[in-house]
>>> print(open('model-v2.pdb').read())   # PDB, C-alpha atoms
ATOM      1  CA  MET A  75      90.355  36.586 143.880  1.00  0.00           C
ATOM      2  CA  ALA A  76      92.268  33.618 145.230  1.00  0.00           C
ATOM      3  CA  TRP A  77      92.929  30.289 143.576  1.00  0.00           C
ATOM      4  CA  TRP A  78      91.574  28.370 146.556  1.00  0.00           C
ATOM      5  CA  LEU A  79      88.044  29.730 146.113  1.00  0.00           C
ATOM      6  CA  GLU A  80      85.404  27.180 145.167  1.00  0.00           C
ATOM      7  CA  ASN A  81      84.802  26.777 141.431  1.00  0.00           C
ATOM      8  CA  ALA A  82      81.188  27.866 141.723  1.00  0.00           C
ATOM      9  CA  GLU A  83      82.279  31.178 143.225  1.00  0.00           C
ATOM     10  CA  VAL A  84      84.525  32.090 140.295  1.00  0.00           C
ATOM     11  CA  THR A  85      82.622  33.390 137.286  1.00  0.00           C
ATOM     12  CA  ALA A  86      84.061  35.240 134.275  1.00  0.00           C
ATOM     13  CA  LYS A  87      82.162  38.307 135.447  1.00  0.00           C
ATOM     14  CA  ARG A  88      83.875  38.204 138.814  1.00  0.00           C
ATOM     15  CA  PHE A  89      87.267  36.917 137.652  1.00  0.00           C
ATOM     16  CA  PHE A  90      87.653  39.682 135.061  1.00  0.00           C
ATOM     17  CA  HIS A  91      85.893  42.380 137.122  1.00  0.00           C
ATOM     18  CA  TYR A  92      83.156  43.261 134.656  1.00  0.00           C
ATOM     19  CA  ILE A  93      81.708  46.783 134.807  1.00  0.00           C
ATOM     20  CA  PRO A  94      79.955  47.803 136.974  1.00  0.00           C
ATOM     21  CA  MET A  95      82.606  46.597 139.384  1.00  0.00           C
ATOM     22  CA  THR A  96      81.255  45.962 142.847  1.00  0.00           C
ATOM     23  CA  SER A  97      84.566  46.972 144.398  1.00  0.00           C
ATOM     24  CA  ALA A  98      88.035  47.928 143.282  1.00  0.00           C
ATOM     25  CA  PRO A  99      90.333  44.931 142.768  1.00  0.00           C
ATOM     26  CA  SER A 100      92.853  44.753 145.587  1.00  0.00           C
ATOM     27  CA  VAL A 101      96.388  45.318 144.425  1.00  0.00           C
ATOM     28  CA  GLU A 102      99.550  43.951 145.961  1.00  0.00           C
ATOM     29  CA  GLN A 103     103.111  44.676 144.989  1.00  0.00           C
ATOM     30  CA  ILE A 104     104.011  42.197 142.243  1.00  0.00           C
ATOM     31  CA  SER A 105     107.517  40.909 141.841  1.00  0.00           C
ATOM     32  CA  GLN A 106     108.266  40.195 138.186  1.00  0.00           C
ATOM     33  CA  ALA A 107     111.651  38.892 139.354  1.00  0.00           C
ATOM     34  CA  GLU A 108     109.894  36.260 141.480  1.00  0.00           C
ATOM     35  CA  ILE A 109     107.716  35.206 138.527  1.00  0.00           C
ATOM     36  CA  ASP A 110     110.790  34.925 136.298  1.00  0.00           C
ATOM     37  CA  SER A 111     112.664  32.988 138.965  1.00  0.00           C
ATOM     38  CA  ILE A 112     109.861  30.434 139.498  1.00  0.00           C
ATOM     39  CA  GLU A 113     109.353  30.003 135.745  1.00  0.00           C
ATOM     40  CA  GLN A 114     113.073  29.453 135.181  1.00  0.00           C
ATOM     41  CA  ASP A 115     113.173  26.990 138.048  1.00  0.00           C
ATOM     42  CA  PHE A 116     110.217  25.071 136.528  1.00  0.00           C
ATOM     43  CA  THR A 117     111.879  25.047 133.122  1.00  0.00           C
ATOM     44  CA  HIS A 118     115.290  23.858 134.335  1.00  0.00           C
ATOM     45  CA  ASN A 119     114.403  21.584 137.229  1.00  0.00           C
ATOM     46  CA  GLY A 120     111.103  20.062 136.113  1.00  0.00           C
ATOM     47  CA  SER A 121     108.764  19.109 138.907  1.00  0.00           C
ATOM     48  CA  SER A 122     107.926  21.532 141.702  1.00  0.00           C
ATOM     49  CA  SER A 123     105.985  21.532 144.924  1.00  0.00           C
ATOM     50  CA  SER A 124     102.281  22.233 144.969  1.00  0.00           C
ATOM     51  CA  SER A 125     102.917  25.387 146.998  1.00  0.00           C
ATOM     52  CA  THR A 126     105.314  26.784 144.365  1.00  0.00           C
ATOM     53  CA  LEU A 127     102.761  26.098 141.632  1.00  0.00           C
ATOM     54  CA  GLY A 128     100.167  27.877 143.757  1.00  0.00           C
ATOM     55  CA  ARG A 129     102.550  30.777 144.288  1.00  0.00           C
ATOM     56  CA  LEU A 130     103.034  31.271 140.531  1.00  0.00           C
ATOM     57  CA  LEU A 131      99.271  31.218 139.968  1.00  0.00           C
ATOM     58  CA  ASP A 132      98.900  33.730 142.806  1.00  0.00           C
ATOM     59  CA  LEU A 133     101.463  36.071 141.287  1.00  0.00           C
ATOM     60  CA  ARG A 134      99.809  35.941 137.868  1.00  0.00           C
ATOM     61  CA  GLU A 135      96.441  36.576 139.497  1.00  0.00           C
ATOM     62  CA  GLN A 136      97.876  39.583 141.290  1.00  0.00           C
ATOM     63  CA  GLN A 137      99.147  40.890 137.950  1.00  0.00           C
ATOM     64  CA  LYS A 138      95.659  40.417 136.515  1.00  0.00           C
ATOM     65  CA  GLU A 139      94.143  42.254 139.498  1.00  0.00           C
ATOM     66  CA  SER A 140      96.546  45.142 138.933  1.00  0.00           C
ATOM     67  CA  ILE A 141      95.426  45.439 135.287  1.00  0.00           C
ATOM     68  CA  PHE A 142      91.762  45.576 136.338  1.00  0.00           C
ATOM     69  CA  SER A 143      92.524  47.971 139.161  1.00  0.00           C
ATOM     70  CA  ASP A 144      93.904  50.399 136.549  1.00  0.00           C
ATOM     71  CA  LEU A 145      90.733  49.931 134.501  1.00  0.00           C
ATOM     72  CA  HIS A 146      88.585  50.498 137.595  1.00  0.00           C
ATOM     73  CA  LEU A 147      90.349  53.794 138.330  1.00  0.00           C
ATOM     74  CA  LEU A 148      89.783  55.048 134.782  1.00  0.00           C
ATOM     75  CA  VAL A 149      86.109  54.024 134.790  1.00  0.00           C
ATOM     76  CA  GLU A 150      85.575  55.731 138.156  1.00  0.00           C
ATOM     77  CA  GLN A 151      87.081  58.933 136.762  1.00  0.00           C
ATOM     78  CA  CYS A 152      84.595  58.815 133.859  1.00  0.00           C
ATOM     79  CA  ASN A 153      81.478  58.086 135.918  1.00  0.00           C
ATOM     80  CA  ASN A 154      79.689  61.194 137.166  1.00  0.00           C
ATOM     81  CA  LYS A 155      76.189  62.717 137.294  1.00  0.00           C
ATOM     82  CA  TYR A 156      76.139  63.008 133.492  1.00  0.00           C
ATOM     83  CA  ILE A 157      77.936  59.836 132.452  1.00  0.00           C
ATOM     84  CA  LYS A 158      77.355  56.210 133.352  1.00  0.00           C
ATOM     85  CA  VAL A 159      79.833  53.780 131.856  1.00  0.00           C
ATOM     86  CA  PRO A 160      77.909  50.885 130.179  1.00  0.00           C
ATOM     87  CA  LYS A 161      78.237  47.274 131.320  1.00  0.00           C
ATOM     88  CA  THR A 162      81.189  45.231 130.096  1.00  0.00           C
ATOM     89  CA  GLU A 163      78.744  42.885 128.351  1.00  0.00           C
ATOM     90  CA  ASP A 164      77.473  45.855 126.296  1.00  0.00           C
ATOM     91  CA  LEU A 165      80.937  47.161 125.481  1.00  0.00           C
ATOM     92  CA  LEU A 166      82.687  43.977 124.400  1.00  0.00           C
ATOM     93  CA  PRO A 167      81.882  41.608 121.520  1.00  0.00           C
ATOM     94  CA  ASP A 168      80.558  38.135 122.266  1.00  0.00           C
ATOM     95  CA  ASP A 169      83.745  36.424 121.034  1.00  0.00           C
ATOM     96  CA  LEU A 170      85.745  38.165 123.736  1.00  0.00           C
ATOM     97  CA  LEU A 171      83.196  37.353 126.430  1.00  0.00           C
ATOM     98  CA  ASP A 172      83.128  33.707 125.288  1.00  0.00           C
ATOM     99  CA  LEU A 173      86.915  33.534 125.550  1.00  0.00           C
ATOM    100  CA  ALA A 174      86.683  34.934 129.091  1.00  0.00           C
ATOM    101  CA  GLU A 175      84.417  31.972 129.961  1.00  0.00           C
ATOM    102  CA  GLU A 176      86.992  29.587 128.463  1.00  0.00           C
ATOM    103  CA  PHE A 177      89.720  31.127 130.619  1.00  0.00           C
ATOM    104  CA  VAL A 178      87.707  30.544 133.765  1.00  0.00           C
ATOM    105  CA  LYS A 179      86.928  26.935 132.772  1.00  0.00           C
ATOM    106  CA  THR A 180      90.634  26.270 132.125  1.00  0.00           C
ATOM    107  CA  TYR A 181      91.540  27.986 135.392  1.00  0.00           C
ATOM    108  CA  HIS A 182      89.167  25.651 137.258  1.00  0.00           C
ATOM    109  CA  LEU A 183      90.755  22.629 135.570  1.00  0.00           C
ATOM    110  CA  LEU A 184      94.278  23.751 136.502  1.00  0.00           C
ATOM    111  CA  ILE A 185      93.263  24.344 140.115  1.00  0.00           C
ATOM    112  CA  LYS A 186      91.683  20.881 140.248  1.00  0.00           C
ATOM    113  CA  LYS A 187      94.768  19.307 138.690  1.00  0.00           C
ATOM    114  CA  ARG A 188      97.253  20.911 141.077  1.00  0.00           C
ATOM    115  CA  SER A 189      95.336  20.036 144.255  1.00  0.00           C
TER     116      SER A 189
ATOM    117  CA  MET B 299      71.797  62.380 114.344  1.00  0.00           C
ATOM    118  CA  VAL B 300      70.337  59.101 115.690  1.00  0.00           C
ATOM    119  CA  ARG B 301      71.339  58.062 119.151  1.00  0.00           C
ATOM    120  CA  SER B 302      73.447  54.879 119.470  1.00  0.00           C
ATOM    121  CA  GLU B 303      71.914  51.814 121.096  1.00  0.00           C
ATOM    122  CA  ILE B 304      74.636  51.826 123.751  1.00  0.00           C
ATOM    123  CA  SER B 305      75.175  55.075 125.533  1.00  0.00           C
ATOM    124  CA  THR B 306      76.754  56.619 128.602  1.00  0.00           C
ATOM    125  CA  LEU B 307      73.911  59.113 128.851  1.00  0.00           C
ATOM    126  CA  GLY B 308      71.239  57.086 130.619  1.00  0.00           C
ATOM    127  CA  SER B 309      67.735  57.875 129.432  1.00  0.00           C
ATOM    128  CA  LEU B 310      68.492  61.455 128.481  1.00  0.00           C
ATOM    129  CA  SER B 311      67.126  62.665 125.198  1.00  0.00           C
ATOM    130  CA  ARG B 312      68.733  65.644 123.509  1.00  0.00           C
ATOM    131  CA  ALA B 313      65.328  67.115 122.786  1.00  0.00           C
ATOM    132  CA  ASN B 314      64.553  67.303 126.511  1.00  0.00           C
ATOM    133  CA  LEU B 315      67.807  68.979 127.481  1.00  0.00           C
ATOM    134  CA  SER B 316      68.221  72.676 128.048  1.00  0.00           C
ATOM    135  CA  GLU B 317      71.107  74.396 126.322  1.00  0.00           C
ATOM    136  CA  LYS B 318      72.919  74.570 129.663  1.00  0.00           C
ATOM    137  CA  ASN B 319      72.434  70.868 130.365  1.00  0.00           C
ATOM    138  CA  ARG B 320      73.499  69.979 126.863  1.00  0.00           C
ATOM    139  CA  GLU B 321      76.707  71.927 127.412  1.00  0.00           C
ATOM    140  CA  SER B 322      77.287  70.257 130.794  1.00  0.00           C
ATOM    141  CA  ASN B 323      76.820  66.803 129.216  1.00  0.00           C
ATOM    142  CA  SER B 324      79.072  67.706 126.361  1.00  0.00           C
ATOM    143  CA  ASN B 325      81.794  68.995 128.699  1.00  0.00           C
ATOM    144  CA  ALA B 326      81.545  65.880 130.879  1.00  0.00           C
ATOM    145  CA  LEU B 327      81.879  63.676 127.807  1.00  0.00           C
ATOM    146  CA  ARG B 328      84.840  65.649 126.528  1.00  0.00           C
ATOM    147  CA  ASP B 329      86.572  65.331 129.913  1.00  0.00           C
ATOM    148  CA  ALA B 330      85.914  61.576 130.042  1.00  0.00           C
ATOM    149  CA  ILE B 331      87.139  61.102 126.468  1.00  0.00           C
ATOM    150  CA  GLY B 332      90.266  62.986 127.516  1.00  0.00           C
ATOM    151  CA  ILE B 333      90.791  60.502 130.365  1.00  0.00           C
ATOM    152  CA  VAL B 334      90.290  57.401 128.222  1.00  0.00           C
ATOM    153  CA  SER B 335      91.986  58.415 124.949  1.00  0.00           C
ATOM    154  CA  PRO B 336      95.640  58.336 126.098  1.00  0.00           C
ATOM    155  CA  GLU B 337      95.064  54.827 127.529  1.00  0.00           C
ATOM    156  CA  VAL B 338      93.475  53.435 124.366  1.00  0.00           C
ATOM    157  CA  ASN B 339      96.713  53.692 122.452  1.00  0.00           C
ATOM    158  CA  LYS B 340      98.830  52.054 125.142  1.00  0.00           C
ATOM    159  CA  GLN B 341      99.440  48.566 123.829  1.00  0.00           C
ATOM    160  CA  SER B 342     101.167  46.057 126.079  1.00  0.00           C
ATOM    161  CA  GLU B 343     103.506  43.623 124.428  1.00  0.00           C
ATOM    162  CA  TYR B 344     102.025  40.124 124.289  1.00  0.00           C
ATOM    163  CA  LEU B 345     103.753  37.549 126.491  1.00  0.00           C
ATOM    164  CA  LEU B 346     102.624  34.591 124.404  1.00  0.00           C
ATOM    165  CA  ALA B 347     104.015  34.582 120.865  1.00  0.00           C
ATOM    166  CA  GLU B 348     102.801  31.159 119.760  1.00  0.00           C
ATOM    167  CA  SER B 349     100.661  28.376 121.147  1.00  0.00           C
ATOM    168  CA  VAL B 350     102.703  25.499 122.533  1.00  0.00           C
ATOM    169  CA  GLU B 351     101.963  21.926 123.530  1.00  0.00           C
ATOM    170  CA  ASN B 352     103.038  21.050 127.053  1.00  0.00           C
ATOM    171  CA  GLN B 353     102.781  17.965 129.186  1.00  0.00           C
ATOM    172  CA  SER B 354     103.904  18.900 132.696  1.00  0.00           C
ATOM    173  CA  LEU B 355     101.652  20.787 135.069  1.00  0.00           C
ATOM    174  CA  GLU B 356     104.486  23.268 135.646  1.00  0.00           C
ATOM    175  CA  ASP B 357     104.637  24.151 131.952  1.00  0.00           C
ATOM    176  CA  LEU B 358     100.857  24.367 131.717  1.00  0.00           C
ATOM    177  CA  ILE B 359     100.764  26.853 134.586  1.00  0.00           C
ATOM    178  CA  ILE B 360     103.566  28.969 133.071  1.00  0.00           C
ATOM    179  CA  VAL B 361     101.745  29.160 129.736  1.00  0.00           C
ATOM    180  CA  PHE B 362      98.340  29.756 131.334  1.00  0.00           C
ATOM    181  CA  GLY B 363      99.786  32.606 133.438  1.00  0.00           C
ATOM    182  CA  LYS B 364     101.163  34.359 130.369  1.00  0.00           C
ATOM    183  CA  ALA B 365      97.920  33.820 128.461  1.00  0.00           C
ATOM    184  CA  LEU B 366      95.948  35.224 131.406  1.00  0.00           C
ATOM    185  CA  ILE B 367      97.966  38.460 131.410  1.00  0.00           C
ATOM    186  CA  ASP B 368      97.662  38.842 127.632  1.00  0.00           C
ATOM    187  CA  PHE B 369      93.914  38.328 127.836  1.00  0.00           C
ATOM    188  CA  SER B 370      93.478  40.708 130.789  1.00  0.00           C
ATOM    189  CA  ASN B 371      95.280  43.432 128.849  1.00  0.00           C
ATOM    190  CA  ILE B 372      93.064  42.729 125.831  1.00  0.00           C
ATOM    191  CA  VAL B 373      89.911  43.029 127.975  1.00  0.00           C
ATOM    192  CA  LYS B 374      91.146  46.281 129.537  1.00  0.00           C
ATOM    193  CA  ASN B 375      92.232  47.885 126.246  1.00  0.00           C
ATOM    194  CA  SER B 376      89.153  46.734 124.330  1.00  0.00           C
ATOM    195  CA  THR B 377      86.860  48.028 127.089  1.00  0.00           C
ATOM    196  CA  LEU B 378      88.483  51.453 126.951  1.00  0.00           C
ATOM    197  CA  ASN B 379      88.504  51.482 123.157  1.00  0.00           C
ATOM    198  CA  SER B 380      84.812  50.576 123.001  1.00  0.00           C
ATOM    199  CA  LEU B 381      83.972  53.113 125.717  1.00  0.00           C
ATOM    200  CA  GLN B 382      85.766  55.816 123.769  1.00  0.00           C
ATOM    201  CA  HIS B 383      83.680  54.990 120.676  1.00  0.00           C
ATOM    202  CA  VAL B 384      80.452  55.140 122.714  1.00  0.00           C
ATOM    203  CA  MET B 385      81.369  58.492 124.242  1.00  0.00           C
ATOM    204  CA  LEU B 386      82.369  59.992 120.885  1.00  0.00           C
ATOM    205  CA  ALA B 387      78.991  58.897 119.491  1.00  0.00           C
ATOM    206  CA  ASP B 388      77.252  60.383 122.548  1.00  0.00           C
ATOM    207  CA  GLU B 389      79.110  63.638 122.108  1.00  0.00           C
ATOM    208  CA  ALA B 390      78.086  63.787 118.461  1.00  0.00           C
ATOM    209  CA  TYR B 391      74.474  63.091 119.459  1.00  0.00           C
ATOM    210  CA  ILE B 392      74.425  65.718 122.205  1.00  0.00           C
ATOM    211  CA  THR B 393      76.050  68.444 120.159  1.00  0.00           C
ATOM    212  CA  GLY B 394      74.283  67.455 116.944  1.00  0.00           C
ATOM    213  CA  GLU B 395      77.631  67.584 115.204  1.00  0.00           C
ATOM    214  CA  GLN B 396      79.128  64.993 112.922  1.00  0.00           C
ATOM    215  CA  HIS B 397      82.307  63.597 114.397  1.00  0.00           C
ATOM    216  CA  HIS B 398      84.948  62.143 112.126  1.00  0.00           C
ATOM    217  CA  ASP B 399      86.078  59.669 114.840  1.00  0.00           C
ATOM    218  CA  VAL B 400      82.624  58.143 115.350  1.00  0.00           C
ATOM    219  CA  SER B 401      82.526  54.626 113.975  1.00  0.00           C
ATOM    220  CA  GLU B 402      81.383  51.186 115.015  1.00  0.00           C
ATOM    221  CA  PHE B 403      83.772  49.631 117.528  1.00  0.00           C
ATOM    222  CA  GLU B 404      85.646  46.674 116.098  1.00  0.00           C
ATOM    223  CA  LEU B 405      88.521  44.688 117.517  1.00  0.00           C
ATOM    224  CA  GLU B 406      91.779  45.362 115.730  1.00  0.00           C
ATOM    225  CA  GLN B 407      93.333  42.576 113.658  1.00  0.00           C
ATOM    226  CA  HIS B 408      96.262  42.031 116.039  1.00  0.00           C
ATOM    227  CA  VAL B 409      93.771  41.585 118.890  1.00  0.00           C
ATOM    228  CA  LEU B 410      91.736  39.082 116.855  1.00  0.00           C
ATOM    229  CA  ASP B 411      94.955  37.208 116.005  1.00  0.00           C
ATOM    230  CA  GLN B 412      96.022  37.092 119.656  1.00  0.00           C
ATOM    231  CA  MET B 413      92.550  35.941 120.717  1.00  0.00           C
ATOM    232  CA  LYS B 414      92.808  33.086 118.223  1.00  0.00           C
ATOM    233  CA  LEU B 415      96.228  32.162 119.604  1.00  0.00           C
ATOM    234  CA  LEU B 416      94.924  32.285 123.203  1.00  0.00           C
ATOM    235  CA  SER B 417      91.897  30.187 122.311  1.00  0.00           C
ATOM    236  CA  ASP B 418      94.144  27.567 120.661  1.00  0.00           C
ATOM    237  CA  GLN B 419      96.420  27.633 123.717  1.00  0.00           C
ATOM    238  CA  LEU B 420      93.522  27.016 126.110  1.00  0.00           C
ATOM    239  CA  ARG B 421      92.408  24.095 123.941  1.00  0.00           C
ATOM    240  CA  LEU B 422      95.923  22.591 124.068  1.00  0.00           C
ATOM    241  CA  ILE B 423      96.063  23.018 127.854  1.00  0.00           C
ATOM    242  CA  LYS B 424      92.727  21.218 128.218  1.00  0.00           C
ATOM    243  CA  ILE B 425      93.876  18.380 125.934  1.00  0.00           C
ATOM    244  CA  SER B 426      97.076  18.019 128.004  1.00  0.00           C
ATOM    245  CA  MET B 427      94.922  17.656 131.117  1.00  0.00           C
ATOM    246  CA  GLY B 428      92.871  14.927 129.445  1.00  0.00           C
ATOM    247  CA  GLU B 429      89.769  17.041 128.871  1.00  0.00           C
TER     248      GLU B 429
END
>>> encode(input="model-v2.pdb", output="structure tokens")
Amino acid sequence: MAWWLENAEVTAKRFFHYIPMTSAPSVEQISQAEIDSIEQDFTHNGSSSSSTLGRLLDLREQQKESIFSDLHLLVEQCNNKYIKVPKTEDLLPDDLLDLAEEFVKTYHLLIKKRS
Amino acid sequence: MVRSEISTLGSLSRANLSEKNRESNSNALRDAIGIVSPEVNKQSEYLLAESVENQSLEDLIIVFGKALIDFSNIVKNSTLNSLQHVMLADEAYITGEQHHDVSEFELEQHVLDQMKLLSDQLRLIKISMGE
């Protein structure tokens, strides 16, 4: 999922790839060194360009996608003719699902602020 | 043994299963539990140790990024943990055996503590953005 998508398109269900996942999250090679470098640059030099801010959000999103790609692989290995993994909403407590909604709301605000 | 409300077994009822099918279900569950179990105990180190107040957009994005990774790991680990509980309960139901590991899924205290920290952090980010 990309940060430039419209707010209405980004739901907690989609952002955090709730089960059943419609497709496997796409995974790109993530450079932790690049994340560290941008964060250090922000910390030491203060203001940054909009594109650098977007790049950091992109990298963190790619990290998130990688985490859910791992989850997707495990769930796919469990699913078979005898077993159907329940929906995320049935597996997780409401407090966790509510916090997921808060993350998406905050994400929308940050995207709005940086544009 | 009463069947749990949440199950991986669809609409199957133990009473309607042949011995062979019961064994196939049980084997499938055991295999799946074997896939999930090693992952349940893998705990990533949290990136955010305390909630912090920030003013600049740069700082807000750094903190949000770390919080996002912590939360994603919590969602992944909690999903697997809960799934493991459901499958252990299903296995106990299918085999008719009591299972010492079957218990209600609950978030661990360190997860609850981190969720509280993340929630506070999101609130601070929103306040910094004038929300």
>>> closest_atom_pairs(input="model-v2.pdb", of="chain A", to="chain B", cutoff="8 Å", atoms="only C-alpha atoms", output="CSV")
residue,atom,partner,partner_atom,distance
A:Phe90,CA,B:Ser370,CA,7.3
A:Glu113,CA,B:Ile360,CA,6.5
A:Phe116,CA,B:Glu356,CA,6.1
A:Thr117,CA,B:Asp357,CA,7.4
A:Gly120,CA,B:Glu356,CA,7.4
A:Ser121,CA,B:Glu356,CA,6.8
A:Ser122,CA,B:Glu356,CA,7.2
A:Leu127,CA,B:Glu356,CA,6.8
A:Leu130,CA,B:Ile359,CA,7.7
A:Leu131,CA,B:Gly363,CA,6.7
A:Arg134,CA,B:Gly363,CA,5.5
A:Glu135,CA,B:Gly363,CA,8.0
A:Gln137,CA,B:Ile367,CA,7.1
A:Lys138,CA,B:Ile367,CA,5.9
A:Ile141,CA,B:Asn371,CA,6.7
A:Phe142,CA,B:Lys374,CA,6.9
A:Leu145,CA,B:Lys374,CA,6.2
A:Leu148,CA,B:Val334,CA,7.0
A:Gln151,CA,B:Ala330,CA,7.3
A:Cys152,CA,B:Ala330,CA,4.9
A:Tyr156,CA,B:Asn323,CA,5.8
A:Ile157,CA,B:Thr306,CA,5.2
A:Lys158,CA,B:Thr306,CA,4.8
A:Val159,CA,B:Thr306,CA,5.3
A:Pro160,CA,B:Thr306,CA,6.1
A:Thr162,CA,B:Thr377,CA,7.0
A:Asp164,CA,B:Ile304,CA,7.1
A:Leu165,CA,B:Ser380,CA,5.7
A:Leu166,CA,B:Thr377,CA,6.4
A:Leu170,CA,B:Val373,CA,7.7
A:Leu173,CA,B:Ser417,CA,6.8
A:Glu176,CA,B:Leu420,CA,7.4
A:Phe177,CA,B:Leu420,CA,7.2
A:Thr180,CA,B:Leu420,CA,6.7
A:Leu183,CA,B:Lys424,CA,7.7
A:Leu184,CA,B:Ile359,CA,7.4
A:Lys187,CA,B:Met427,CA,7.8
A:Arg188,CA,B:Leu355,CA,7.4
>>> atom_distance(input="model-v2.pdb", atom1="CA of His408 (chain B)", atom2="CA of Tyr344 (chain B)")
10.2 Å
>>> closest_residue(input="model-v2.pdb", among="A:Asp168, A:Asp144, A:Glu163, A:Asp115", to="Val101 (chain A)", atoms="all atoms listed in the file")
A:Asp144
>>> atom_distance(input="model-v2.pdb", atom1="CA of Asn153 (chain A)", atom2="CA of Glu395 (chain B)")
23.1 Å
>>> atom_distance(input="model-v2.pdb", atom1="CA of Ser123 (chain A)", atom2="CA of Ile104 (chain A)")
20.9 Å
>>> closest_residue(input="model-v2.pdb", among="A:Glu102, A:Glu108, A:Glu150, A:Asp132", to="Tyr181 (chain A)", atoms="only C-alpha atoms")
A:Asp132
>>> residues_around(input="model-v2.pdb", residues="Lys161 (chain A)", least_positions_apart="4", cutoff="8 Å", atoms="all atoms listed in the file", output="PyMOL selection string")
chain A and resi 92-94+165
>>> closest_residue(input="model-v2.pdb", among="B:Leu345, B:Ile392, B:Ile425, B:Leu386", to="Leu315 (chain B)", atoms="all atoms listed in the file")
B:Ile392
>>> decode(input="model-v2.pdb", residues="region 123-139 of chain A", atoms="N, CA and C atoms", output="compact mmCIF listing (two decimals), in the first residue's frame")
# COMPACT_ATOMS: atom_id res chain seq x y z
N SER A 123 13.16 17.68 3.01
CA SER A 123 12.24 17.85 1.87
C SER A 123 11.07 16.89 2.00
N SER A 124 10.00 17.27 1.32
CA SER A 124 8.79 16.44 1.34
C SER A 124 9.07 15.05 0.79
N SER A 125 9.97 14.99 -0.22
CA SER A 125 10.25 13.68 -0.82
C SER A 125 11.02 12.77 0.15
N THR A 126 11.89 13.36 0.99
CA THR A 126 12.61 12.54 1.97
C THR A 126 11.66 12.02 3.04
N LEU A 127 10.71 12.89 3.44
CA LEU A 127 9.71 12.45 4.43
C LEU A 127 8.88 11.30 3.85
N GLY A 128 8.53 11.46 2.58
CA GLY A 128 7.76 10.41 1.89
C GLY A 128 8.56 9.12 1.79
N ARG A 129 9.87 9.26 1.57
CA ARG A 129 10.73 8.09 1.44
C ARG A 129 10.78 7.31 2.76
N LEU A 130 10.88 8.04 3.89
CA LEU A 130 10.92 7.35 5.18
C LEU A 130 9.60 6.62 5.45
N LEU A 131 8.49 7.29 5.13
CA LEU A 131 7.19 6.62 5.30
C LEU A 131 7.10 5.37 4.42
N ASP A 132 7.62 5.50 3.19
CA ASP A 132 7.63 4.36 2.27
C ASP A 132 8.41 3.18 2.83
N LEU A 133 9.59 3.50 3.36
CA LEU A 133 10.45 2.43 3.91
C LEU A 133 9.79 1.73 5.09
N ARG A 134 9.15 2.53 5.96
CA ARG A 134 8.47 1.92 7.11
C ARG A 134 7.29 1.09 6.63
N GLU A 135 6.61 1.57 5.60
CA GLU A 135 5.48 0.79 5.05
C GLU A 135 5.97 -0.52 4.46
N GLN A 136 7.13 -0.46 3.81
CA GLN A 136 7.68 -1.70 3.23
C GLN A 136 8.04 -2.69 4.34
N GLN A 137 8.55 -2.16 5.45
CA GLN A 137 8.85 -3.04 6.60
C GLN A 137 7.56 -3.69 7.10
N LYS A 138 6.51 -2.87 7.20
CA LYS A 138 5.21 -3.39 7.64
C LYS A 138 4.73 -4.48 6.68
N GLU A 139 4.85 -4.23 5.37
CA GLU A 139 4.41 -5.20 4.38
C GLU A 139 5.17 -6.52 4.53
